[in-house]
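Read the structure below first, then the notes.
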Amino acid sequence: MANTSPFLEVIGLTKRIGHRVLFENISFTVNEREHIGLIAKNGTGKSTLLSIIAGNEGHDGGKMIFRNDIKIGYLEQTPKISKTELKDKDDEFMLLYTQYLTQMKISPEESERTEEQLSGGQVKRIALARVLAGKPDMLILDEPTNHLDLEMIEWLEKFLSRTTMSILMVTHDRYFLDRICTTIIEMDDMQLYPYKGNYAYYLEKRQERIENMNAYIARANNLYRTELEWMRSTPCARSSKARYRIESFYDLEKVAKTRITDEKVKLEMKGTYIGSKIFEAKNVNKAYGDKVILKDFEYTFSRYEKMGIVGNNGTGKSTFVKMLLGVEPHDSGQIEIGETVRFGYYSQEGMKFREDQKVIDAVRDIAEYVDMGGGEKLSASQFLQHFLFPPEEQFSYIYKLSGGERRRLYLCTVLMTSPNFLILDEPTNDLDIVTLQILEEYLKNFKGCLIIVSHDRYFMDKVVDHLLVFNGNGDVQDFPGNYSQYREWKTEKEKAEKEKTEAVKPAETTAVNNRNANRTRKLTYKEKKEFEQLEKDLESLNKEKEDIEAALCGGTTSVEEITKLSKRLPELNNEIDEKEMRWLELSEING
């Protein structure tokens, strides 16, 4: 009989850092083949929890029970690599490691470099290849898409959505969550709320939970007022017979004073005036030796334009932004900036704070008050609250902040200078989903110009109205749409080009000769029967797949059944792929 026990049971886990409680008495289970996404605000201990489960950090209470034979692979948010990690690895590991590096487009020369000689994206891919080559039963991933370009994110997304490994991950990439995870666990106010479905299902059910809880609290408040009146007016009547009512009153009081907020903070700034001339690029060229970034580039930026910049790592996206800001010189041509333009620049390297400074002081160093436009001003403290820093957290020292909280503070300091042209270079890394939603709303309504360099597809789709696509070697394409529209167009274009190439291949090639040979013969009786059966099988298998996906997202399926269906789905996908491939082979002969 197969072992069906959970891969991992977390029971009553508690973690404190000094006097701060990150989480207390939390419990959840990771089942075989289950793909779980963990969602929480920055600073609530997501990365710490993953580190504890991976065995890299201790905890203050509770326990973790692993299946005896389970093998865990852990990808840290900012991984470290060294050559010594590959010592004493067997041939199977090294073969798999090399294969993964090839798929992730890491050359043998790059894999031999030290960490200091590699980019953040290269380090992340090498670390990921090492984790996967270990053939873990369960993957723990902390922000796996950070520093990866769009091509690698989509490769990883496809790989993980089909894997039979269990997955527990933290990511801010909402498309990634939606397409990979079968369960979402939300950590809110030191409690866990599981949702048996993908990210879209989680959003719907989370809103229902909040509305139900608010209605419950409202009813408790109405009853609380009645009971409070009784407590105040009848002190002499409190005999032992009324003791149960007094105890109930204090339980009721706890519920009535509960505050559930949806964190839907709105940040609106009227913006400062920006003239009709923004920037013009005329015949701009830029290269580093043989590596061409821009070649005869021309562009005129329009008022209130919202541009996204995408492309693989190393194609020159950040260099382009720095040229626009005057930080990086261009080789030839002209870049003219309008007189009224006031830049606000958020970059991966620009976040510099004094560790011994308090959050509120870092903001007050820039301004005591923030001009919101239209005569409205906010104090530094009020502005921080819009970025989810409540008053009590504003007096925390910066060294106590998590990576995501620091990013949020940095973003706050950029926006409070009231720029009319925002340039954001990878703004979503390490930010939690709540902060991203606030930022998206702000940017959609921003009364100014915007350039975003990002690998976050969901974020780009929400905010930008067109793209500059850096294809490398100075090839820069202006695409009139968001990232999903670009990806769809590119897929269709590649498909058409492939069909065209196939059509003009020389008749002497083996592939075409085989095809021609197939066309000159008919299906055998056995092949014809197989072809007919494949069509029936594919129809049945696709129907089963639709039913499973509907059951997993329906919210009424039992845990046992979800586990069973989660095991079946990857097997089903593989079976469909194999039968589709065979159907295509036979259809060429048949057609």
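In the structure tokens, chains take letters A, B, ... by order of appearance, with residues numbered from 1 within each chain and ligands from 1 in the order shown.
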
- Write out as JSON, numbers by chain all residues of region 284-473 of chain A that backbone DSSP assigns to alpha helix (DSSP H). {"A": [317, 318, 319, 320, 321, 322, 323, 324, 325, 359, 360, 361, 362, 363, 364, 380, 381, 382, 383, 384, 385, 386, 403, 404, 405, 406, 407, 408, 409, 410, 411, 412, 413, 414, 415, 433, 434, 435, 436, 437, 438, 439, 440, 441, 442, 443, 444, 457, 458, 459, 460, 461, 462, 463]}

Limited to N, CA and C atoms, could you put the picked residues into a file as a compact mmCIF listing (two decimals), in the first residue's frame?
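Okay, this is what ended up in result_16.txt:
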```txt
# COMPACT_ATOMS: atom_id res chain seq x y z
N LYS A 317 18.41 47.55 -20.69
CA LYS A 317 17.24 48.27 -20.18
C LYS A 317 17.64 49.33 -19.14
N SER A 318 18.39 48.90 -18.14
CA SER A 318 18.80 49.84 -17.08
C SER A 318 19.78 50.90 -17.60
N THR A 319 20.62 50.50 -18.55
CA THR A 319 21.54 51.47 -19.16
C THR A 319 20.77 52.59 -19.86
N PHE A 320 19.72 52.23 -20.58
CA PHE A 320 18.87 53.20 -21.27
C PHE A 320 18.29 54.21 -20.28
N VAL A 321 17.78 53.70 -19.16
CA VAL A 321 17.20 54.57 -18.12
C VAL A 321 18.26 55.52 -17.57
N LYS A 322 19.44 55.01 -17.32
CA LYS A 322 20.51 55.86 -16.76
C LYS A 322 20.97 56.93 -17.76
N MET A 323 20.93 56.62 -19.06
CA MET A 323 21.23 57.63 -20.06
C MET A 323 20.19 58.74 -20.04
N LEU A 324 18.95 58.35 -19.91
CA LEU A 324 17.86 59.32 -19.85
C LEU A 324 18.01 60.26 -18.66
N LEU A 325 18.47 59.70 -17.54
CA LEU A 325 18.65 60.50 -16.31
C LEU A 325 19.96 61.29 -16.32
N VAL A 359 12.45 54.96 11.19
CA VAL A 359 11.72 55.08 9.93
C VAL A 359 11.22 56.50 9.72
N ILE A 360 10.59 57.08 10.72
CA ILE A 360 10.02 58.44 10.59
C ILE A 360 11.10 59.47 10.32
N ASP A 361 12.29 59.29 10.91
CA ASP A 361 13.37 60.27 10.72
C ASP A 361 13.93 60.21 9.30
N ALA A 362 13.96 58.99 8.70
CA ALA A 362 14.43 58.85 7.33
C ALA A 362 13.54 59.64 6.37
N VAL A 363 12.25 59.67 6.66
CA VAL A 363 11.30 60.39 5.82
C VAL A 363 11.36 61.90 6.12
N ARG A 364 11.47 62.25 7.37
CA ARG A 364 11.53 63.67 7.74
C ARG A 364 12.80 64.34 7.24
N ALA A 380 4.69 63.84 7.32
CA ALA A 380 5.52 62.67 7.01
C ALA A 380 4.91 61.40 7.60
N SER A 381 4.36 61.52 8.81
CA SER A 381 3.75 60.37 9.47
C SER A 381 2.50 59.90 8.72
N GLN A 382 1.66 60.85 8.30
CA GLN A 382 0.45 60.49 7.56
C GLN A 382 0.80 59.82 6.23
N PHE A 383 1.83 60.34 5.56
CA PHE A 383 2.24 59.77 4.28
C PHE A 383 2.74 58.34 4.47
N LEU A 384 3.49 58.10 5.54
CA LEU A 384 3.98 56.75 5.82
C LEU A 384 2.84 55.76 6.03
N GLN A 385 1.74 56.22 6.62
CA GLN A 385 0.60 55.34 6.86
C GLN A 385 0.01 54.83 5.54
N HIS A 386 0.09 55.64 4.48
CA HIS A 386 -0.38 55.20 3.18
C HIS A 386 0.47 54.05 2.64
N GLY A 403 13.56 42.95 4.30
CA GLY A 403 13.95 43.45 2.98
C GLY A 403 12.79 44.14 2.27
N GLY A 404 11.60 43.54 2.36
CA GLY A 404 10.43 44.13 1.72
C GLY A 404 10.01 45.44 2.35
N GLU A 405 10.13 45.54 3.67
CA GLU A 405 9.79 46.80 4.37
C GLU A 405 10.74 47.92 3.97
N ARG A 406 12.00 47.58 3.78
CA ARG A 406 12.98 48.60 3.34
C ARG A 406 12.63 49.09 1.93
N ARG A 407 12.25 48.15 1.06
CA ARG A 407 11.84 48.54 -0.30
C ARG A 407 10.64 49.48 -0.24
N ARG A 408 9.70 49.16 0.63
CA ARG A 408 8.50 49.98 0.76
C ARG A 408 8.85 51.38 1.25
N LEU A 409 9.78 51.46 2.21
CA LEU A 409 10.21 52.76 2.72
C LEU A 409 10.94 53.55 1.63
N TYR A 410 11.77 52.87 0.87
CA TYR A 410 12.50 53.53 -0.22
C TYR A 410 11.53 54.10 -1.26
N LEU A 411 10.52 53.31 -1.61
CA LEU A 411 9.50 53.76 -2.55
C LEU A 411 8.79 55.00 -2.03
N CYS A 412 8.51 55.00 -0.75
CA CYS A 412 7.87 56.14 -0.09
C CYS A 412 8.73 57.40 -0.24
N THR A 413 10.04 57.28 -0.03
CA THR A 413 10.94 58.45 -0.11
C THR A 413 11.05 58.98 -1.54
N VAL A 414 10.91 58.09 -2.54
CA VAL A 414 10.95 58.54 -3.94
C VAL A 414 9.68 59.31 -4.29
N LEU A 415 8.52 58.78 -3.89
CA LEU A 415 7.25 59.40 -4.28
C LEU A 415 6.96 60.70 -3.53
N ILE A 433 2.20 41.70 -1.84
CA ILE A 433 1.11 41.89 -2.80
C ILE A 433 0.23 43.07 -2.40
N VAL A 434 0.02 43.28 -1.10
CA VAL A 434 -0.80 44.42 -0.65
C VAL A 434 -0.17 45.73 -1.10
N THR A 435 1.14 45.87 -0.91
CA THR A 435 1.85 47.09 -1.33
C THR A 435 1.80 47.24 -2.84
N LEU A 436 1.93 46.14 -3.57
CA LEU A 436 1.87 46.20 -5.03
C LEU A 436 0.51 46.71 -5.51
N GLN A 437 -0.55 46.28 -4.85
CA GLN A 437 -1.89 46.73 -5.23
C GLN A 437 -2.06 48.23 -5.01
N ILE A 438 -1.52 48.73 -3.90
CA ILE A 438 -1.56 50.18 -3.63
C ILE A 438 -0.76 50.93 -4.69
N LEU A 439 0.43 50.42 -4.99
CA LEU A 439 1.29 51.06 -5.97
C LEU A 439 0.65 51.06 -7.36
N GLU A 440 0.02 49.95 -7.73
CA GLU A 440 -0.65 49.87 -9.03
C GLU A 440 -1.73 50.93 -9.16
N GLU A 441 -2.57 51.07 -8.12
CA GLU A 441 -3.64 52.07 -8.16
C GLU A 441 -3.06 53.48 -8.27
N TYR A 442 -1.99 53.73 -7.51
CA TYR A 442 -1.35 55.04 -7.55
C TYR A 442 -0.83 55.35 -8.95
N LEU A 443 -0.14 54.39 -9.56
CA LEU A 443 0.48 54.61 -10.86
C LEU A 443 -0.56 54.74 -11.98
N LYS A 444 -1.66 54.00 -11.87
CA LYS A 444 -2.71 54.11 -12.89
C LYS A 444 -3.32 55.51 -12.91
N ARG A 457 4.95 40.54 -14.81
CA ARG A 457 4.00 40.64 -15.92
C ARG A 457 2.65 41.18 -15.48
N TYR A 458 2.18 40.72 -14.34
CA TYR A 458 0.89 41.16 -13.80
C TYR A 458 0.92 42.67 -13.55
N PHE A 459 1.99 43.12 -12.92
CA PHE A 459 2.16 44.54 -12.60
C PHE A 459 2.18 45.38 -13.88
N MET A 460 2.93 44.92 -14.88
CA MET A 460 3.02 45.64 -16.16
C MET A 460 1.66 45.73 -16.83
N ASP A 461 0.93 44.62 -16.84
CA ASP A 461 -0.39 44.60 -17.48
C ASP A 461 -1.35 45.59 -16.84
N LYS A 462 -1.21 45.79 -15.53
CA LYS A 462 -2.11 46.69 -14.80
C LYS A 462 -1.82 48.16 -15.07
N VAL A 463 -0.56 48.49 -15.38
CA VAL A 463 -0.14 49.89 -15.33
C VAL A 463 0.19 50.50 -16.68
```

Quiz item: as a ChimeraX atom specification, which residues of region 337-507 of chain A does DSSP assign to strand (DSSP E)?
Solution: /A:337,343-346,369-373,376-379,421-425,449-453,466-472,475-479

Restricted to C-alpha atoms, what would the selected residues look like written as an mmCIF file, in the first residue's frame?
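Contents of out-v1.cif, as written:
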```cif
data_model
loop_
_atom_site.group_PDB
_atom_site.id
_atom_site.type_symbol
_atom_site.label_atom_id
_atom_site.label_comp_id
_atom_site.auth_asym_id
_atom_site.auth_seq_id
_atom_site.Cartn_x
_atom_site.Cartn_y
_atom_site.Cartn_z
ATOM 1 C CA ILE A 337 14.822 66.748 -21.579
ATOM 2 C CA PHE A 343 12.372 62.917 -12.223
ATOM 3 C CA GLY A 344 11.696 60.476 -9.414
ATOM 4 C CA TYR A 345 13.994 57.442 -9.735
ATOM 5 C CA TYR A 346 13.656 54.093 -7.963
ATOM 6 C CA TYR A 369 5.183 67.605 4.825
ATOM 7 C CA VAL A 370 4.317 66.092 1.440
ATOM 8 C CA ASP A 371 2.541 68.219 -1.167
ATOM 9 C CA MET A 372 -0.347 66.130 -2.513
ATOM 10 C CA GLY A 373 -1.410 68.862 -4.947
ATOM 11 C CA GLU A 376 -3.534 69.393 0.268
ATOM 12 C CA LYS A 377 -0.575 68.392 2.426
ATOM 13 C CA LEU A 378 0.206 65.318 4.486
ATOM 14 C CA SER A 379 2.637 65.103 7.362
ATOM 15 C CA PHE A 421 8.146 61.805 -14.304
ATOM 16 C CA LEU A 422 8.626 58.504 -12.453
ATOM 17 C CA ILE A 423 11.253 55.966 -13.512
ATOM 18 C CA LEU A 424 10.950 52.696 -11.595
ATOM 19 C CA ASP A 425 13.609 50.025 -12.199
ATOM 20 C CA CYS A 449 4.899 60.396 -17.094
ATOM 21 C CA LEU A 450 6.028 56.916 -16.206
ATOM 22 C CA ILE A 451 8.685 54.406 -17.253
ATOM 23 C CA ILE A 452 8.749 50.985 -15.604
ATOM 24 C CA VAL A 453 11.478 48.380 -16.064
ATOM 25 C CA HIS A 466 2.739 50.332 -24.353
ATOM 26 C CA LEU A 467 6.176 48.686 -24.292
ATOM 27 C CA LEU A 468 9.714 49.238 -25.453
ATOM 28 C CA VAL A 469 11.072 45.763 -26.102
ATOM 29 C CA PHE A 470 14.869 45.422 -25.933
ATOM 30 C CA ASN A 471 15.720 42.462 -28.167
ATOM 31 C CA GLY A 472 19.509 42.894 -27.899
ATOM 32 C CA ASP A 475 17.191 46.264 -31.673
ATOM 33 C CA VAL A 476 14.488 48.172 -29.741
ATOM 34 C CA GLN A 477 10.843 47.651 -30.679
ATOM 35 C CA ASP A 478 7.890 49.879 -29.746
ATOM 36 C CA PHE A 479 4.835 47.678 -29.064
#
```

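Residue nearest Val21 (chain A), chosen from A:Lys41, A:Lys286, A:His59, A:Lys205 and counting only C-alpha atoms: A:His59.
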
Write out as a PDB file with N, CA and C atoms, in the first residue's frame which residues come within 6 Å of Thr182 (chain A) when counting only C-alpha atoms, dropping same-chain ones fewer than 5 positions away.
```pdb
ATOM      1  N   HIS A  35       0.972  22.113  -4.395  1.00  0.00           N
ATOM      2  CA  HIS A  35       1.701  23.344  -4.706  1.00  0.00           C
ATOM      3  C   HIS A  35       1.080  24.488  -3.916  1.00  0.00           C
ATOM      4  N   GLY A 197      -7.313  26.525  -3.882  1.00  0.00           N
ATOM      5  CA  GLY A 197      -7.473  26.996  -5.246  1.00  0.00           C
ATOM      6  C   GLY A 197      -6.290  27.861  -5.620  1.00  0.00           C
ATOM      7  N   ASN A 198      -6.331  28.462  -6.809  1.00  0.00           N
ATOM      8  CA  ASN A 198      -5.221  29.309  -7.251  1.00  0.00           C
ATOM      9  C   ASN A 198      -5.389  30.746  -6.745  1.00  0.00           C
TER      10      ASN A 198
END
```

Please provide as a ChimeraX atom specification all residues within 9 Å of Ser5 (chain A), with the sequence filter that same-chain residues fewer than 3 positions apart are discarded (counting only C-alpha atoms).
-> /A:8,31-32,67

message = When you look at region 527-531 of chain A with a cut-off of 10 Å (counting only C-alpha atoms), what residues show up, excluding the ones that are within fewer than 4 positions of it in the same chain? I need them as number ranges by chain.
response = A: 522-523, 535-537, 579, 582-587, 589-590

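Proximity of A:Pro194, A:Pro329, A:Gly120, A:Gly43 to His147 (chain A), computed with only C-alpha atoms, is greatest for A:Gly120.
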
Counting only C-alpha atoms, what is within 8 Å of Ile278 (chain A), bar same-chain residues fewer than 2 positions away, as a PyMOL selection string?
chain A and resi 274-276+280+300-303+337-338+340-341

Can you list, as a PDB file with C-alpha atoms, in the first residue's frame, every protein, DNA or RNA residue that comes within 12 Å of Arg487 (chain A) when you count only C-alpha atoms, leaving out same-chain residues fewer than 3 positions away?
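After the write, result.pdb holds the following:
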```
ATOM      1  CA  LEU A 150      10.835  37.172 -18.503  1.00  0.00           C
ATOM      2  CA  GLU A 151      12.078  34.284 -20.633  1.00  0.00           C
ATOM      3  CA  GLU A 154       8.110  31.687 -18.157  1.00  0.00           C
ATOM      4  CA  VAL A 310      11.050  44.603 -21.138  1.00  0.00           C
ATOM      5  CA  GLY A 311      13.808  42.366 -22.471  1.00  0.00           C
ATOM      6  CA  ARG A 457       4.004  40.640 -15.924  1.00  0.00           C
ATOM      7  CA  ASP A 461      -0.388  44.599 -17.478  1.00  0.00           C
ATOM      8  CA  LEU A 467       6.176  48.686 -24.292  1.00  0.00           C
ATOM      9  CA  VAL A 469      11.072  45.763 -26.102  1.00  0.00           C
ATOM     10  CA  PHE A 479       4.835  47.678 -29.064  1.00  0.00           C
ATOM     11  CA  GLY A 481      -0.034  47.213 -25.768  1.00  0.00           C
ATOM     12  CA  ASN A 482       0.692  45.544 -22.431  1.00  0.00           C
ATOM     13  CA  TYR A 483       2.896  42.514 -21.792  1.00  0.00           C
ATOM     14  CA  SER A 484       0.215  39.815 -22.170  1.00  0.00           C
ATOM     15  CA  LYS A 490       4.992  37.197 -30.282  1.00  0.00           C
ATOM     16  CA  THR A 491       3.701  33.622 -29.960  1.00  0.00           C
ATOM     17  CA  GLU A 492       1.568  34.005 -33.076  1.00  0.00           C
ATOM     18  CA  LYS A 493       4.479  35.612 -34.937  1.00  0.00           C
ATOM     19  CA  GLU A 494       6.855  32.784 -33.992  1.00  0.00           C
TER      20      GLU A 494
END
```

*A:Glu34, A:Ser27, A:Asp432, A:Thr272: which is nearest Ser161 (chain A), counting only C-alpha atoms?*
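Checking each candidate against Ser161 (chain A), we get A:Glu34 as the closest.
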
Could you check how far CA of Leu572 (chain A) sits from CA of Lys158 (chain A), in Å to one decimal?
->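 Value for the CA of Leu572 (chain A)-CA of Lys158 (chain A) distance: 15.3 Å.
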
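The space between CA of Thr114 (chain A) and CA of Ala133 (chain A) spans 19.6 Å.
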